[in-house]
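**Student:** Hey, dropping input.txt in here, compact mmCIF, C-alpha atoms:
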# COMPACT_ATOMS: atom_id res chain seq x y z
CA MET C 1 101.30 124.79 77.70
CA PRO C 2 104.35 123.16 76.03
CA ARG C 3 104.06 119.40 76.15
CA MET C 4 107.68 119.06 77.26
CA VAL C 5 106.67 120.83 80.47
CA ILE C 6 103.98 118.18 80.96
CA LEU C 7 106.52 115.42 80.34
CA LEU C 8 108.99 116.91 82.83
CA SER C 9 106.24 117.33 85.42
CA CYS C 10 105.14 113.73 85.03
CA VAL C 11 108.71 112.47 85.41
CA MET C 12 109.25 114.55 88.57
CA LEU C 13 106.00 113.22 90.01
CA GLN C 14 107.02 109.63 89.35
CA VAL C 15 110.56 110.07 90.70
CA CYS C 16 109.26 111.42 94.02
CA LEU C 17 106.62 108.71 94.38
CA GLY C 18 109.15 106.02 93.44
CA THR C 19 111.24 106.80 96.51
CA VAL C 20 109.10 104.20 98.29
CA TYR C 21 111.46 101.56 96.86
CA ALA C 22 114.26 102.91 99.09
CA TRP C 23 112.44 101.72 102.21
CA SER C 24 115.21 99.30 103.18
CA PHE C 25 117.45 102.35 103.78
CA PHE C 26 115.53 102.96 107.03
CA GLN C 27 114.99 99.39 108.22
CA THR C 28 118.24 98.69 110.04
CA MET C 29 118.10 102.18 111.60
CA LEU C 30 114.58 101.56 112.90
CA VAL C 31 115.58 98.19 114.34
CA ARG C 32 118.63 99.68 116.12
CA GLN C 33 117.11 102.94 117.33
CA LEU C 34 113.58 101.87 118.27
CA GLY C 35 114.02 98.16 118.90
CA TRP C 36 111.44 97.15 116.27
CA THR C 37 111.69 93.67 114.81
CA PHE C 38 112.28 93.09 111.10
CA VAL C 39 108.69 91.92 110.71
CA GLU C 40 107.47 95.13 112.32
CA THR C 41 109.63 97.18 109.96
CA ALA C 42 108.41 95.15 106.97
CA ILE C 43 104.74 95.86 107.65
CA PRO C 44 104.84 99.59 106.71
CA PHE C 45 106.38 98.76 103.33
CA SER C 46 103.94 95.90 102.78
CA LEU C 47 101.00 98.15 103.60
CA ALA C 48 102.36 100.85 101.30
CA ILE C 49 102.68 98.47 98.35
CA PHE C 50 99.25 96.96 99.05
CA PHE C 51 97.55 100.36 99.08
CA ILE C 52 99.53 101.47 96.02
CA GLY C 53 98.03 98.59 94.07
CA ALA C 54 94.54 99.01 95.51
CA ALA C 55 94.46 102.78 94.98
CA ALA C 56 95.93 102.46 91.49
CA ALA C 57 93.21 99.98 90.56
CA TRP C 58 90.55 102.51 91.57
CA ALA C 59 92.40 105.43 90.00
CA GLY C 60 92.48 103.66 86.64
CA THR C 61 88.70 103.84 86.45
CA ALA C 62 88.38 107.29 88.07
CA LEU C 63 90.97 109.11 85.94
CA PRO C 64 88.68 109.82 82.95
CA ARG C 65 86.07 111.27 85.31
CA LEU C 66 88.26 113.31 87.68
CA GLY C 67 91.08 114.32 85.35
CA PRO C 68 94.84 114.14 85.97
CA ARG C 69 95.18 117.37 88.00
CA LYS C 70 92.71 116.43 90.75
CA LEU C 71 93.98 112.88 91.01
CA ALA C 72 97.67 113.86 91.06
CA LEU C 73 97.08 116.64 93.60
CA THR C 74 95.10 114.35 95.90
CA GLY C 75 97.76 111.68 95.65
CA SER C 76 100.55 114.17 96.37
CA ILE C 77 98.77 115.53 99.45
CA LEU C 78 98.21 112.03 100.84
CA PHE C 79 101.80 111.02 100.10
CA CYS C 80 103.27 114.02 101.97
CA THR C 81 100.75 113.67 104.80
CA GLY C 82 101.91 110.09 105.25
CA TYR C 83 105.45 111.32 105.97
CA PHE C 84 104.19 113.91 108.45
CA ILE C 85 102.16 111.29 110.33
CA ALA C 86 105.11 108.89 110.27
CA SER C 87 107.30 111.60 111.82
CA LEU C 88 104.73 112.12 114.58
CA ALA C 89 104.57 108.36 115.14
CA LEU C 90 108.35 108.17 115.56
CA ALA C 91 108.30 111.09 118.01
CA THR C 92 105.69 109.33 120.16
CA ASP C 93 106.93 105.77 119.46
CA GLN C 94 103.53 104.61 118.16
CA LEU C 95 104.01 101.74 115.76
CA LEU C 96 100.36 101.55 114.70
CA LEU C 97 100.29 105.25 113.83
CA PHE C 98 103.42 104.74 111.73
CA TYR C 99 101.66 101.96 109.84
CA ILE C 100 98.67 104.20 109.15
CA GLY C 101 100.75 107.19 108.11
CA TYR C 102 103.50 105.68 105.96
CA GLY C 103 101.71 102.51 104.89
CA VAL C 104 98.03 103.29 104.44
CA ILE C 105 97.86 107.03 103.73
CA GLY C 106 101.23 107.36 102.00
CA GLY C 107 100.69 104.20 99.96
CA ALA C 108 97.24 105.30 98.82
CA GLY C 109 98.73 108.63 97.73
CA ILE C 110 101.35 106.88 95.62
CA GLY C 111 98.67 104.70 94.03
CA LEU C 112 96.54 107.67 93.05
CA GLY C 113 99.53 109.44 91.54
CA TYR C 114 101.06 106.39 89.85
CA VAL C 115 98.57 105.91 87.01
CA THR C 116 98.10 109.62 86.27
CA PRO C 117 101.42 110.54 84.58
CA VAL C 118 101.45 107.55 82.22
CA ALA C 119 97.94 108.17 80.91
CA THR C 120 98.56 111.93 80.66
CA VAL C 121 101.76 111.82 78.61
CA ALA C 122 100.21 109.24 76.28
CA LYS C 123 97.61 111.87 75.32
CA TRP C 124 100.21 114.62 74.88
CA PHE C 125 102.61 112.45 72.83
CA PRO C 126 100.52 110.28 70.49
CA ASP C 127 103.40 110.39 68.00
CA ARG C 128 105.95 109.12 70.56
CA LYS C 129 103.74 107.29 73.00
CA GLY C 130 106.18 104.45 73.72
CA LEU C 131 109.14 106.74 74.38
CA ALA C 132 107.15 109.19 76.51
CA THR C 133 105.43 106.59 78.69
CA GLY C 134 108.67 104.59 79.01
CA THR C 135 110.49 107.69 80.23
CA VAL C 136 107.81 108.41 82.83
CA VAL C 137 107.67 104.82 84.10
CA MET C 138 111.47 104.76 84.32
CA GLY C 139 111.24 107.78 86.63
CA PHE C 140 109.34 105.71 89.18
CA GLY C 141 112.02 103.04 89.02
CA ILE C 142 114.92 105.39 89.78
CA GLY C 143 113.15 107.23 92.62
CA ALA C 144 115.05 105.18 95.19
CA LEU C 145 118.29 106.70 93.88
CA LEU C 146 117.08 110.17 94.83
CA LEU C 147 116.23 109.13 98.37
CA SER C 148 119.05 106.72 99.20
CA LYS C 149 121.99 108.74 97.90
CA LEU C 150 120.83 112.35 98.22
CA LEU C 151 117.83 113.26 100.37
CA ALA C 152 117.98 110.72 103.19
CA PRO C 153 121.78 110.78 103.80
CA VAL C 154 121.82 114.59 103.91
CA LEU C 155 118.89 114.71 106.32
CA VAL C 156 120.43 111.99 108.50
CA VAL C 157 123.66 114.00 108.79
CA TYR C 158 121.93 117.31 109.54
CA SER C 159 119.53 115.73 112.05
CA ASP C 160 122.30 113.73 113.72
CA GLY C 161 120.48 110.49 112.93
CA ASP C 162 117.08 111.58 114.30
CA LEU C 163 114.60 109.66 112.14
CA GLN C 164 111.70 111.83 113.30
CA ALA C 165 113.39 114.87 111.77
CA VAL C 166 114.33 112.89 108.66
CA PHE C 167 110.73 111.89 107.91
CA LEU C 168 109.49 115.40 108.66
CA GLY C 169 112.08 116.87 106.31
CA LEU C 170 111.17 114.43 103.55
CA GLY C 171 107.51 115.40 103.88
CA VAL C 172 108.36 119.09 103.50
CA ILE C 173 110.67 118.52 100.53
CA PHE C 174 108.18 116.33 98.68
CA ALA C 175 105.37 118.80 99.33
CA ALA C 176 107.47 121.63 97.88
CA ILE C 177 108.06 119.59 94.71
CA LEU C 178 104.85 117.64 94.22
CA LEU C 179 102.15 120.21 94.90
CA PRO C 180 103.26 122.73 92.22
CA VAL C 181 104.03 119.90 89.77
CA SER C 182 100.58 118.36 90.25
CA LEU C 183 98.90 121.66 89.39
CA LEU C 184 100.61 121.64 85.99
CA LEU C 185 99.09 118.33 84.92
CA ASP C 186 96.16 118.47 82.54
CA ASP C 187 94.83 116.80 79.43
CA PRO C 188 95.66 118.51 76.11
CA PRO C 189 92.99 120.89 74.83
CA ARG C 190 90.64 119.36 72.30
CA GLY C 191 92.20 119.54 68.86
CA ALA C 192 95.57 120.78 70.16
CA ILE C 193 97.32 117.46 69.52
CA ALA C 194 96.94 115.95 66.09
CA PRO C 195 95.89 112.29 66.24
CA VAL C 196 98.21 109.68 64.82
CA ALA C 197 96.84 107.14 62.42
CA SER C 198 96.83 103.72 64.00
CA GLY C 199 97.67 100.44 62.37
CA PRO C 200 95.27 97.62 61.68
CA ARG C 201 93.15 96.62 64.66
CA THR C 202 93.25 92.86 64.50
CA HIS C 203 90.14 91.27 65.98
CA GLU C 204 89.23 94.54 67.71
CA ALA C 205 85.73 94.41 66.28
CA ASP C 206 85.26 90.89 67.63
CA ASN C 207 85.22 92.19 71.19
CA ALA C 208 83.59 95.55 70.54
CA ASP C 209 80.61 94.90 72.82
CA VAL C 210 82.44 92.82 75.45
CA THR C 211 82.57 94.34 78.92
CA ALA C 212 85.64 94.64 81.14
CA ARG C 213 83.97 92.27 83.60
CA GLU C 214 83.82 89.55 80.96
CA CYS C 215 87.54 90.08 80.23
CA LEU C 216 88.33 89.77 83.93
CA MET C 217 86.61 86.38 84.04
CA THR C 218 88.71 84.83 81.26
CA PRO C 219 91.40 82.23 81.96
CA GLN C 220 93.88 84.44 80.10
CA PHE C 221 93.48 87.30 82.57
CA PHE C 222 93.81 84.92 85.51
CA CYS C 223 97.07 83.49 84.13
CA MET C 224 98.41 86.99 83.40
CA TRP C 225 97.62 87.99 86.99
CA ILE C 226 99.49 84.96 88.37
CA VAL C 227 102.54 85.55 86.18
CA PHE C 228 102.64 89.25 87.10
CA PHE C 229 102.22 88.44 90.81
CA CYS C 230 105.05 85.91 90.84
CA ASN C 231 107.49 88.29 89.15
CA ILE C 232 106.60 91.14 91.53
CA ALA C 233 106.57 89.03 94.71
CA ALA C 234 110.05 87.67 94.02
CA GLY C 235 111.44 91.09 93.17
CA ILE C 236 109.77 93.03 95.96
CA SER C 237 111.01 90.57 98.58
CA VAL C 238 114.52 91.57 97.51
CA ILE C 239 113.70 95.29 97.26
CA SER C 240 112.25 95.43 100.75
CA PHE C 241 115.38 93.96 102.38
CA GLN C 242 118.22 94.46 99.92
CA SER C 243 120.18 96.73 102.26
CA PRO C 244 119.97 94.47 105.36
CA LEU C 245 120.63 91.37 103.22
CA LEU C 246 123.75 92.92 101.71
CA GLN C 247 124.90 94.05 105.15
CA ASP C 248 124.55 90.44 106.37
CA VAL C 249 126.57 89.12 103.43
CA TRP C 250 129.23 91.83 103.71
CA GLY C 251 129.42 91.38 107.47
CA LEU C 252 130.27 87.71 106.98
CA ALA C 253 132.88 88.58 104.38
CA ASP C 254 134.50 91.26 106.57
CA PRO C 255 133.44 91.11 110.24
CA LEU C 256 135.58 94.15 111.11
CA LEU C 257 133.44 96.63 109.14
CA GLU C 258 131.63 99.27 111.19
CA PRO C 259 127.80 99.43 111.09
CA GLU C 260 127.97 102.88 109.47
CA THR C 261 130.13 101.51 106.66
CA LEU C 262 127.75 98.59 106.11
CA ALA C 263 124.81 101.01 106.00
CA ALA C 264 126.62 103.09 103.37
CA TYR C 265 127.19 99.97 101.25
CA GLY C 266 123.50 99.13 101.57
CA ALA C 267 122.50 102.63 100.47
CA THR C 268 124.76 102.35 97.43
CA LEU C 269 123.12 99.07 96.44
CA ILE C 270 119.68 100.68 96.73
CA ALA C 271 120.81 103.51 94.46
CA VAL C 272 122.41 101.31 91.80
CA SER C 273 119.60 98.76 91.82
CA SER C 274 117.02 101.53 91.46
CA VAL C 275 118.75 102.61 88.26
CA CYS C 276 118.51 99.00 87.06
CA ASN C 277 114.83 99.02 87.98
CA GLY C 278 114.32 102.07 85.81
CA VAL C 279 116.49 100.93 82.91
CA GLY C 280 114.75 97.55 82.94
CA ARG C 281 111.45 99.25 82.20
CA LEU C 282 112.85 100.59 78.95
CA LEU C 283 115.03 97.60 78.02
CA TRP C 284 112.48 94.83 78.49
CA GLY C 285 109.71 96.95 77.01
CA LEU C 286 111.73 97.31 73.80
CA LEU C 287 112.62 93.60 73.80
CA SER C 288 108.98 92.63 74.23
CA ASP C 289 108.16 94.48 71.00
CA ARG C 290 110.66 92.27 69.17
CA LEU C 291 110.41 88.94 71.02
CA GLY C 292 106.78 89.00 72.17
CA ARG C 293 105.31 89.55 75.63
CA THR C 294 105.02 85.88 76.61
CA THR C 295 108.60 85.13 75.59
CA VAL C 296 109.89 88.06 77.62
CA PHE C 297 108.03 86.91 80.74
CA ARG C 298 109.50 83.42 80.32
CA ILE C 299 112.98 84.94 80.12
CA LEU C 300 112.32 87.16 83.14
CA LEU C 301 111.07 84.33 85.33
CA GLY C 302 113.40 81.59 84.10
CA SER C 303 116.59 83.63 84.36
CA GLN C 304 115.67 84.84 87.84
CA MET C 305 115.25 81.25 89.01
CA VAL C 306 118.91 80.68 88.13
CA VAL C 307 119.97 83.95 89.77
CA PHE C 308 118.04 83.18 92.96
CA GLY C 309 119.69 79.76 93.06
CA VAL C 310 123.13 81.40 92.98
CA LEU C 311 122.10 84.02 95.56
CA MET C 312 121.15 81.28 98.06
CA THR C 313 124.79 80.47 98.74
CA GLU C 314 126.70 83.46 97.32
CA GLN C 315 129.06 84.96 99.90
CA ASN C 316 130.94 87.42 97.71
CA PRO C 317 129.23 90.79 98.34
CA TRP C 318 130.19 92.13 94.91
CA VAL C 319 128.66 89.19 93.06
CA PHE C 320 125.67 89.33 95.40
CA SER C 321 125.13 93.01 94.53
CA ILE C 322 125.38 92.42 90.78
CA LEU C 323 122.81 89.62 90.93
CA VAL C 324 120.44 91.74 93.04
CA CYS C 325 120.70 94.47 90.40
CA TYR C 326 119.71 91.92 87.75
CA VAL C 327 116.65 90.96 89.82
CA LEU C 328 115.66 94.64 89.90
CA LEU C 329 116.21 94.85 86.15
CA CYS C 330 113.68 92.02 85.71
CA PHE C 331 111.33 93.53 88.29
CA GLY C 332 111.08 96.72 86.28
CA GLY C 333 110.73 94.70 83.08
CA GLY C 334 107.49 93.14 84.30
CA PHE C 335 105.93 96.55 84.78
CA ALA C 336 107.06 97.65 81.32
CA THR C 337 105.76 94.55 79.53
CA MET C 338 102.36 94.04 81.17
CA PRO C 339 100.53 97.17 79.84
CA SER C 340 101.41 96.24 76.25
CA PHE C 341 100.51 92.61 76.99
CA ILE C 342 97.02 93.67 78.05
CA VAL C 343 96.57 95.75 74.89
CA ASP C 344 97.73 92.83 72.74
CA VAL C 345 95.36 90.35 74.36
CA PHE C 346 92.29 92.44 75.18
CA GLY C 347 92.59 95.56 73.01
CA ASN C 348 92.86 99.29 73.76
CA ARG C 349 89.24 99.84 74.66
CA ARG C 350 89.41 98.40 78.19
CA MET C 351 93.12 98.88 78.85
CA SER C 352 92.91 101.33 81.78
CA THR C 353 90.34 99.26 83.66
CA LEU C 354 92.10 95.93 83.12
CA TYR C 355 95.53 97.35 83.94
CA GLY C 356 94.13 98.82 87.12
CA ALA C 357 92.70 95.41 87.99
CA ILE C 358 95.94 93.59 87.33
CA LEU C 359 97.79 96.00 89.62
CA THR C 360 96.02 94.23 92.49
CA ALA C 361 98.75 91.61 91.93
CA TRP C 362 101.19 94.33 92.99
CA ALA C 363 99.13 94.88 96.12
CA ALA C 364 99.05 91.17 96.99
CA ALA C 365 102.77 90.74 96.34
CA GLY C 366 103.51 93.75 98.52
CA ILE C 367 101.93 91.99 101.48
CA ILE C 368 103.42 88.53 100.98
CA GLY C 369 106.97 89.31 99.79
CA PRO C 370 108.32 91.63 102.51
CA LEU C 371 106.56 89.85 105.36
CA TYR C 372 107.99 86.41 104.72
CA VAL C 373 111.50 87.88 104.43
CA GLY C 374 111.02 89.82 107.67
CA TYR C 375 109.80 86.67 109.42
CA LEU C 376 112.82 84.70 108.21
CA LYS C 377 115.24 87.40 109.39
CA ASP C 378 113.66 87.40 112.85
CA GLN C 379 113.36 83.62 113.25
CA TYR C 380 116.40 82.38 111.30
CA PRO C 381 118.90 85.27 111.18
CA ASP C 382 121.79 83.01 110.13
CA ARG C 383 119.88 81.32 107.30
CA ALA C 384 117.50 84.06 106.24
CA VAL C 385 119.30 84.79 102.97
CA THR C 386 119.18 81.13 101.89
CA TYR C 387 115.53 80.63 102.81
CA CYS C 388 114.49 83.93 101.24
CA PHE C 389 115.83 83.03 97.82
CA LEU C 390 114.64 79.42 98.04
CA ILE C 391 111.05 80.59 98.46
CA GLY C 392 111.64 83.03 95.61
CA ILE C 393 112.64 80.14 93.34
CA PHE C 394 109.34 78.36 94.05
CA MET C 395 107.34 81.51 93.27
CA LEU C 396 109.25 82.17 90.06
CA GLY C 397 108.82 78.54 89.04
CA ALA C 398 105.06 78.75 89.50
CA GLY C 399 104.93 81.88 87.34
CA TYR C 400 107.10 80.26 84.69
CA ILE C 401 104.72 77.31 84.44
CA PHE C 402 101.73 79.61 83.98
CA THR C 403 103.44 81.39 81.06
CA TYR C 404 102.83 78.24 79.03
CA LEU C 405 99.11 78.84 79.37
CA LEU C 406 99.52 82.24 77.69
CA ASN C 407 100.25 83.57 74.20
CA ASP C 408 100.32 86.99 72.57
CA ASP C 409 97.21 86.47 70.43
CA ARG C 410 94.11 88.62 70.80
CA VAL C 411 91.42 86.89 72.86
CA VAL C 412 88.05 86.66 71.16
CA ILE C 413 85.30 86.45 73.76
CA ARG C 414 82.06 84.99 72.51
CA ARG C 415 78.94 85.03 74.62
CA PRO C 416 77.06 81.73 74.90
CA THR C 417 73.86 81.46 72.89
CA VAL C 418 70.88 79.14 73.20
CA GLU C 419 71.72 77.58 69.84
CA GLY C 420 75.34 77.03 70.79
CA THR C 421 74.35 75.48 74.13
CA LEU C 422 71.95 73.05 72.44
CA ARG C 423 74.60 72.00 69.95
CA TYR C 424 77.16 71.56 72.74
CA PHE C 425 74.89 69.00 74.41
CA ASN C 426 73.97 67.37 71.06
CA ILE C 427 70.36 68.55 71.30
CA PRO C 428 68.70 69.16 67.94
CA VAL C 429 68.25 72.83 67.12
CA PRO C 430 64.63 73.66 66.20
CA ARG C 431 64.22 75.00 62.68
CA THR C 432 62.76 78.50 62.41
Do you think you could lay out the structure here as structure tokens?

**Tutor:**
Amino acid sequence: MPRMVILLSCVMLQVCLGTVYAWSFFQTMLVRQLGWTFVETAIPFSLAIFFIGAAAAWAGTALPRLGPRKLALTGSILFCTGYFIASLALATDQLLLFYIGYGVIGGAGIGLGYVTPVATVAKWFPDRKGLATGTVVMGFGIGALLLSKLLAPVLVVYSDGDLQAVFLGLGVIFAAILLPVSLLLDDPPRGAIAPVASGPRTHEADNADVTARECLMTPQFFCMWIVFFCNIAAGISVISFQSPLLQDVWGLADPLLEPETLAAYGATLIAVSSVCNGVGRLLWGLLSDRLGRTTVFRILLGSQMVVFGVLMTEQNPWVFSILVCYVLLCFGGGFATMPSFIVDVFGNRRMSTLYGAILTAWAAAGIIGPLYVGYLKDQYPDRAVTYCFLIGIFMLGAGYIFTYLLNDDRVVIRRPTVEGTLRYFNIPVPRT
């Protein structure tokens, strides 16, 4: 099979799964039509992100055993099933069933499918690994554009605003795309792709017999997890509510605007910011090759602290939108930089396992970020924007501090020995 077909299939898979980032398109509609609170509408997205991270962590270790086709097909089935269950939940007004369908089942499906395309194209394109994987990861970032400006608006018009029909239609459309695409995924036949000679493997031999568990217990991994979590939590709090937040800001700037017009402005922001999310995965990934991974994370976190400070009081909707797009640019940059960071620090040998483990930061951020914003919008509707970005500044500041405990050097893990322990405590070492 031509490897360009594999690349195209992987991109299509990621674009469809990445539509989860357009969740805020539905939030105001759910609040108005069903009377749900903003916290209640934040929970499905939080659950989805949590189960994306949890399922992706497991999929990273299961991919070599199950293969890309089985994992992608299973993830696609669960993702589409989540939309079908969500449609049923809306028809029967069962909030818990909606959580299970969209959040748990749909989120787990995205997690299983998320890690598969990146690992697969890396095997098919050893000569252009960075370009191929960057293209695939960018597809996930721009998925919200597909949903917010094409699929969802068309379905809303044809269903006369019936969200049950919208979710059912999305499930059918995604099934028609994802199931055939998933069947195309496979590893290259043995010997079909010529290996590319690699450069020098600095310190790789030093950790040749070190287990992934030992890497997970190092201070470096802990600090990387914290930095990754802080960048994601700040960004995902904006992603989950960017449409309602913009509608609040624009409503203050022009109180005469109709709700439908405000919703259209929110959908446009979702679309544009999703492009920034995707472009950021290429831009920051390339910059990290030149500037270093730690330096890039310091820029990401430090610059966002300034942006969040401006967003706290910004009342111009155009400036607000531009700054939100920059936050999404940095959000995508974290996902682009972290895989290479792990390879730099711990080596290639345990990359899939460690990257899967660090994606649990994505899961944790998915719970905390959207829920605190939803709580603020319910309890302090007039000051929610200010409080949201103030908390974001504290999170970004914590991550920025932890970057000074990191560097780009390879970690050399040495197991303790009896002789070393005796010398540490100044106990004479017996002569042999």

**Student:** At a cut-off of 9 Å, can you tabulate as CSV every residue of segment 69-179 of chain C near segment 62-65 of chain C together with its closest atom pair and the distance in Å to one decimal, using all atoms listed in the file and ordering rows by chain then number?

**Tutor:**
residue,atom,partner,partner_atom,distance
C:Lys70,CA,C:Leu63,CA,8.9
C:Leu71,CA,C:Leu63,CA,7.0
C:Val115,CA,C:Leu63,CA,8.3
C:Thr116,CA,C:Leu63,CA,7.2
C:Ala119,CA,C:Leu63,CA,8.6

**Student:** Just the residues within 7 Å of segment 321-337 of chain C, please, counting all atoms listed in the file, with nothing from its chain fewer than 2 positions along; format it as a compact mmCIF listing (two decimals) with C-alpha atoms, keeping the file's coordinate frame.

**Tutor:**
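Output (around.txt):
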# COMPACT_ATOMS: atom_id res chain seq x y z
CA GLY C 141 112.02 103.04 89.02
CA PHE C 228 102.64 89.25 87.10
CA ASN C 231 107.49 88.29 89.15
CA ILE C 232 106.60 91.14 91.53
CA GLY C 235 111.44 91.09 93.17
CA LEU C 269 123.12 99.07 96.44
CA SER C 273 119.60 98.76 91.82
CA CYS C 276 118.51 99.00 87.06
CA ASN C 277 114.83 99.02 87.98
CA GLY C 278 114.32 102.07 85.81
CA VAL C 279 116.49 100.93 82.91
CA GLY C 280 114.75 97.55 82.94
CA ARG C 281 111.45 99.25 82.20
CA LEU C 282 112.85 100.59 78.95
CA TRP C 284 112.48 94.83 78.49
CA GLY C 285 109.71 96.95 77.01
CA SER C 288 108.98 92.63 74.23
CA ARG C 293 105.31 89.55 75.63
CA LEU C 300 112.32 87.16 83.14
CA GLN C 304 115.67 84.84 87.84
CA VAL C 307 119.97 83.95 89.77
CA PRO C 317 129.23 90.79 98.34
CA TRP C 318 130.19 92.13 94.91
CA VAL C 319 128.66 89.19 93.06
CA PRO C 339 100.53 97.17 79.84
CA SER C 340 101.41 96.24 76.25
CA PHE C 341 100.51 92.61 76.99

**Student:** What are the nearest atom pairs, with distances in Å to one decimal, for all residues of segment 217-270 of chain C that come at most 9 Å from segment 377-394 of chain C, using all atoms listed in the file, set out by chain and rising residue number as a Markdown table?

**Tutor:**
| residue | atom | partner | partner_atom | distance |
| --- | --- | --- | --- | --- |
| C:Cys230 | CA | C:Gly392 | CA | 8.6 |
| C:Ala233 | CA | C:Gly392 | CA | 7.9 |
| C:Ala234 | CA | C:Gly392 | CA | 5.2 |
| C:Gly235 | CA | C:Gly392 | CA | 8.4 |
| C:Ser237 | CA | C:Cys388 | CA | 8.0 |
| C:Val238 | CA | C:Cys388 | CA | 8.5 |
| C:Leu245 | CA | C:Val385 | CA | 6.7 |
| C:Asp248 | CA | C:Val385 | CA | 8.4 |
| C:Val249 | CA | C:Val385 | CA | 8.5 |

**Student:** For the residues in that selection, give me C-alpha atoms as a short mmCIF file (atom, residue, chain, number, x, y, z; two decimals), in the coordinates of the input.

**Tutor:**
data_model
loop_
_atom_site.label_atom_id
_atom_site.label_comp_id
_atom_site.auth_asym_id
_atom_site.auth_seq_id
_atom_site.Cartn_x
_atom_site.Cartn_y
_atom_site.Cartn_z
CA CYS C 230 105.05 85.91 90.84
CA ALA C 233 106.57 89.03 94.71
CA ALA C 234 110.05 87.67 94.02
CA GLY C 235 111.44 91.09 93.17
CA SER C 237 111.01 90.57 98.58
CA VAL C 238 114.52 91.57 97.51
CA LEU C 245 120.63 91.37 103.22
CA ASP C 248 124.55 90.44 106.37
CA VAL C 249 126.57 89.12 103.43
#

**Student:** List the neighbours of Leu30 of chain C out to 9 Å using all atoms listed in the file; skip same-chain residues closer than 5 positions along the sequence, and give me the result as a PyMOL selection string.

**Tutor:** chain C and resi 35-38+41+163

**Student:** Enter the distance from atom CA of Gly169 of chain C to atom CA of Leu146 of chain C, in Å, rounded to one decimal.

**Tutor:** 14.2 Å

**Student:** Here is a test: counting only C-alpha atoms, which residue of C:Gly356, C:Gly107, C:Gly374, C:Gly101 is nearest to Ser240 of chain C?

**Tutor:**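 Between C:Gly356, C:Gly107, C:Gly374, C:Gly101, the residue approaching Ser240 of chain C most closely is C:Gly374.
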
**Student:** Nearest to Arg190 of chain C: which of C:Phe45, C:Leu73, C:Lys123, C:Ile368 is it, counting only C-alpha atoms?

**Tutor:** C:Lys123
